[in-house]
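The structure appears right after this line, and notes come after that.
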Amino acid sequence: MRLALVLPCYNEEEVLRRSIEQLTILLDKMVAVHKITPDSFMMFVNDGSRDATWDIIVEQFRKNSYVKGVNLSINVGHQNAIMAGMMTAMDMSDAVVTIDADLQDDIAAIEIMVDRYREGCDVVYGVKVSRTADSFIKRSSAVMFYKLQAALGVNTVYNHADFRLMSRRALQQLSRYKERNLYLRGIVPLIGYKTATVNDVIREREAGKSKYTLKKMLNLAMDGITSFSVRPIYWIIAAGFFFLIVSVLATIYILISFFSGHIVPGWTSLMLSLWFIGAIILLGIGIIGQYIGKIYIEVKQRPRYNIETILDEKKEQSSNATTKESTDESLVSH
Ligand code: UDP
Ligand code: MG
């Protein structure tokens, strides 16, 4: 199989050469045991860096046959950079592994991902087993975020962060998701197919600083919720109903006060309208929100379904042909 590694790079001049060195050793090793073909490659996506990142990619491209590069004209952020790399590498490879250019992830896991791919998995998630290299704040905010997502019904893989293998057909399916507010960790589980997880022990960054500023992280977290869940709108409706009940109770209390006469003039009408109108406004916003939520889902034009297999005589012949092809390939490579 032809493997592609996709690495997003934003101002990574300090770690890039080191990362390329380590990955070259890994690829050489996998080629030597015939796990991947020698035309496998690493594709560096320069996400509008302002330092020498692209120059290093060009320099390495000239002397290292594994190196390929994509240069983005401006910084579009981690998620879009990965997407650019995956979509470019998709037609040149059988499977793509996305991994950060700082190699904080465990590169030995790539080999296991490839094994899982060969066993028939289309998506293999790298799952962080130890996050000791991440700061306490980063760790605990991540945990809180996963919990919030789960409460909102967003289906993601716990402790997984964009270190994953995807087969070509999984990528083809991914390419049908046209949305701009990209949150890959939420989309990939929607694709289906057979998946597996491998353990990923996170290391310290070897050089350079984190390129994920607080602002970028908050943006990603926001996308992780609002691109997948319209449940907050239900909460507005729920709050509307709640206040409607409160307004009924308040009405009883206010009327009792009115008839017992211990009130300031004008208080009764003011209080009655306050609760009631508050509830009606909330319900109104919630109902309008429902429609906006629907519009939101419609404009994304996500695929309605993903066919995994079709049982049909003619199709069967062709799918047999492809299975045969892949067996042939594994025969050759063993
Ligand atoms: N990155 C990117 N564009 C950005 C920010 C980051 O392509 O706007 C890349 C960066 O070069 C790295 C990866 O995304 O390869 C993850 O970033 P980083 O390691 O700084 O994040 P952290 O590991 O601290 O969460
Ligand atoms: Mg990092």
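Naming scheme: A, B, ... for chains in displayed order of the structure tokens; residues 1 onward per chain; ligands 1 onward as shown.
Once Lys138 in chain A and its same-chain neighbours fewer than 4 positions away are set aside, Arg131, Thr132, Ala133, Asp134, Ala142, Val143, Met144, Phe145, Ser210, Tyr212, Thr213, Leu214, Met217 and Leu218 of chain A remain within 12 Å of it when counting only C-alpha atoms.
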Filtering to C-alpha atoms, could you give me those residues as an mmCIF file, in the first residue's frame?
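The resulting file, again-v2.cif, is reproduced below:
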```
data_model
loop_
_atom_site.group_PDB
_atom_site.id
_atom_site.type_symbol
_atom_site.label_atom_id
_atom_site.label_comp_id
_atom_site.auth_asym_id
_atom_site.auth_seq_id
_atom_site.Cartn_x
_atom_site.Cartn_y
_atom_site.Cartn_z
ATOM 1 C CA ARG A 131 -1.299 13.480 28.552
ATOM 2 C CA THR A 132 1.394 14.230 31.081
ATOM 3 C CA ALA A 133 3.211 16.314 28.479
ATOM 4 C CA ASP A 134 0.190 18.594 28.178
ATOM 5 C CA ALA A 142 -9.957 19.188 27.285
ATOM 6 C CA VAL A 143 -11.767 16.815 29.655
ATOM 7 C CA MET A 144 -14.435 19.418 30.422
ATOM 8 C CA PHE A 145 -14.865 20.063 26.737
ATOM 9 C CA SER A 210 2.617 25.841 20.586
ATOM 10 C CA TYR A 212 -2.482 26.906 19.082
ATOM 11 C CA THR A 213 -3.159 30.243 20.676
ATOM 12 C CA LEU A 214 -5.991 30.531 23.182
ATOM 13 C CA MET A 217 -8.377 26.868 20.703
ATOM 14 C CA LEU A 218 -11.597 28.641 21.682
#
```
Name each residue within 6 Å of ligand 1, counting only C-alpha atoms and all ligand atoms, as a ChimeraX atom specification. /A:8-10,12,47,75,77-78,81,100-102,210-212
Please dump the current selection as a short mmCIF file (atom, residue, chain, number, x, y, z; two decimals), in the first residue's frame; keep C-alpha atoms.
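What follows is the written file result-v1.cif:
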```
data_model
loop_
_atom_site.label_atom_id
_atom_site.label_comp_id
_atom_site.auth_asym_id
_atom_site.auth_seq_id
_atom_site.Cartn_x
_atom_site.Cartn_y
_atom_site.Cartn_z
CA PRO A 8 0.23 20.75 8.83
CA CYS A 9 3.00 23.28 9.53
CA TYR A 10 2.62 26.78 10.83
CA GLU A 12 7.61 25.21 12.37
CA ASP A 47 -0.22 26.96 6.45
CA ASN A 75 -2.94 30.96 7.24
CA GLY A 77 -5.79 27.19 10.56
CA HIS A 78 -4.96 23.65 11.56
CA ALA A 81 -4.62 22.87 6.53
CA ASP A 100 1.16 17.32 13.73
CA ALA A 101 4.51 18.49 12.39
CA ASP A 102 5.96 18.86 15.90
CA SER A 210 2.62 25.84 20.59
CA LYS A 211 0.93 27.39 17.57
CA TYR A 212 -2.48 26.91 19.08
#
```
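Between Lys63 in chain A and the candidates A:Ile295, A:Asn11, A:Glu21, A:Asn219, the tightest atom-to-atom separation, counting only C-alpha atoms, involves A:Glu21.
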Using only C-alpha atoms, which protein or nucleic acid residues come within 10 Å of Val157 in chain A? Drop anything in the same chain fewer than 5 positions from it, and give the result as a ChimeraX atom specification. /A:125-127,146,185-186,188-189,197
Which neighbours of Thr24 in chain A fall inside 10 Å, counting only C-alpha atoms, when residues of the same chain fewer than 5 positions from it are skipped, and could you give them as a compact mmCIF listing (two decimals) with N, CA, C and O atoms, in the first residue's frame?
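Wrote it out as result-v1.txt, contents follow:
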```txt
# COMPACT_ATOMS: atom_id res chain seq x y z
N ARG A 18 14.12 18.09 12.09
CA ARG A 18 14.16 16.98 13.03
C ARG A 18 13.01 15.99 12.77
O ARG A 18 13.19 14.78 12.77
N SER A 19 11.83 16.55 12.52
CA SER A 19 10.66 15.71 12.28
C SER A 19 10.85 14.89 11.01
O SER A 19 10.56 13.70 10.97
N LYS A 29 12.02 2.06 7.44
CA LYS A 29 11.82 0.80 8.18
C LYS A 29 10.57 0.08 7.68
O LYS A 29 10.59 -1.13 7.44
N MET A 30 9.51 0.83 7.47
CA MET A 30 8.27 0.19 7.01
C MET A 30 8.38 -0.30 5.57
O MET A 30 7.78 -1.32 5.21
N PHE A 41 4.84 8.65 0.94
CA PHE A 41 5.42 9.98 1.08
C PHE A 41 4.89 10.74 2.29
O PHE A 41 3.93 10.31 2.92
N MET A 42 5.57 11.82 2.63
CA MET A 42 5.05 12.75 3.63
C MET A 42 4.73 14.06 2.93
O MET A 42 5.55 14.58 2.18
N ASN A 64 15.19 14.66 -0.34
CA ASN A 64 14.56 13.50 0.27
C ASN A 64 13.37 13.09 -0.59
O ASN A 64 12.43 13.85 -0.77
N SER A 65 13.42 11.86 -1.14
CA SER A 65 12.39 11.48 -2.10
C SER A 65 11.03 11.24 -1.44
O SER A 65 10.03 11.11 -2.14
N TYR A 66 10.99 11.16 -0.13
CA TYR A 66 9.69 10.99 0.53
C TYR A 66 8.94 12.30 0.67
O TYR A 66 7.75 12.31 0.93
N VAL A 67 9.66 13.41 0.56
CA VAL A 67 9.05 14.70 0.91
C VAL A 67 8.27 15.32 -0.25
O VAL A 67 8.75 15.39 -1.37
```
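Rounded to one decimal, CA of Thr53 in chain A and CA of Leu103 in chain A lie 15.3 Å from each other.
Going from CA of Glu111 in chain A to CA of Ile307 in chain A covers 28.4 Å.
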Counting only C-alpha atoms, what is within 8 Å of Ile191 in chain A, bar same-chain residues fewer than 4 positions away, as a ChimeraX atom specification? /A:170,173-174,187,306
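CA of Leu7 in chain A sits 16.7 Å away from CA of Arg203 in chain A.
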Shell of 8 Å around range 70-73 of chain A, only C-alpha atoms, local chain residues under 3 positions omitted, as a PyMOL selection string: chain A and resi 43-48+54+81+85
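Residue nearest ligand 2 within the list A:Asp200, A:Asp105, A:Glu298, A:Glu14: A:Asp105 [criterion: smallest interatomic distance, only C-alpha atoms and all ligand atoms].
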Spatial neighbours of Lys294 in chain A, max dist 12 Å, only C-alpha atoms, sep filter under 5 positions, as a PyMOL selection string: chain A and resi 229-231+233+287-289+299-301
Going by DSSP on the backbone, which bits of range 44-278 of chain A are helix (DSSP H, G or I)? Write them as a ChimeraX atom specification, please. /A:53-63,78-92,108-118,136-151,168-174,184-191,214-226,231-260,267-278
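These are the residues of range 78-224 of chain A assigned strand (DSSP E or B) by DSSP from backbone coordinates: Ala95, Val96, Val97, Thr98, Val123, Val124, Tyr125, Gly126, Val127, Lys128, Val129, Ser130, His160, Ala161, Asp162, Phe163, Arg164, Leu165, Met166, Ser167, Thr195, Ala196, Thr197, Val198, Asn199, Asp200 and Val201 of chain A.
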Create the file for the chosen residues now, containing C-alpha atoms and written as a JSON list (two decimals), in the first residue's frame.
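Result file follows (out18.json):
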```
[["chain", "number", "residue", "atom", "x", "y", "z"],
["A", 95, "ALA", "CA", -4.40, 5.74, 3.05],
["A", 96, "VAL", "CA", -3.48, 9.01, 4.71],
["A", 97, "VAL", "CA", -2.21, 9.53, 8.24],
["A", 98, "THR", "CA", -2.54, 13.06, 9.62],
["A", 123, "VAL", "CA", -10.42, 4.85, 9.98],
["A", 124, "VAL", "CA", -7.88, 4.38, 12.77],
["A", 125, "TYR", "CA", -7.90, 6.89, 15.62],
["A", 126, "GLY", "CA", -4.85, 7.73, 17.68],
["A", 127, "VAL", "CA", -6.06, 8.02, 21.25],
["A", 128, "LYS", "CA", -3.97, 9.84, 23.84],
["A", 129, "VAL", "CA", -3.32, 7.48, 26.72],
["A", 130, "SER", "CA", -1.09, 9.73, 28.74],
["A", 160, "HIS", "CA", -8.49, 11.79, 20.11],
["A", 161, "ALA", "CA", -7.08, 14.82, 18.33],
["A", 162, "ASP", "CA", -6.61, 14.61, 14.58],
["A", 163, "PHE", "CA", -3.86, 11.97, 14.68],
["A", 164, "ARG", "CA", -5.58, 9.39, 12.53],
["A", 165, "LEU", "CA", -5.41, 7.17, 9.50],
["A", 166, "MET", "CA", -8.09, 7.34, 6.84],
["A", 167, "SER", "CA", -8.41, 5.07, 3.84],
["A", 195, "THR", "CA", -12.71, 1.77, 12.79],
["A", 196, "ALA", "CA", -10.05, 0.98, 15.36],
["A", 197, "THR", "CA", -8.05, 2.92, 17.91],
["A", 198, "VAL", "CA", -4.35, 2.82, 18.73],
["A", 199, "ASN", "CA", -2.65, 4.21, 21.79],
["A", 200, "ASP", "CA", -0.75, 7.45, 21.42],
["A", 201, "VAL", "CA", 1.67, 8.57, 24.10]]
```
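The closest residue to Arg116 in chain A, picked from A:Gly240, A:Gln104, A:Lys35, A:Leu282 and counting only C-alpha atoms, is A:Lys35.
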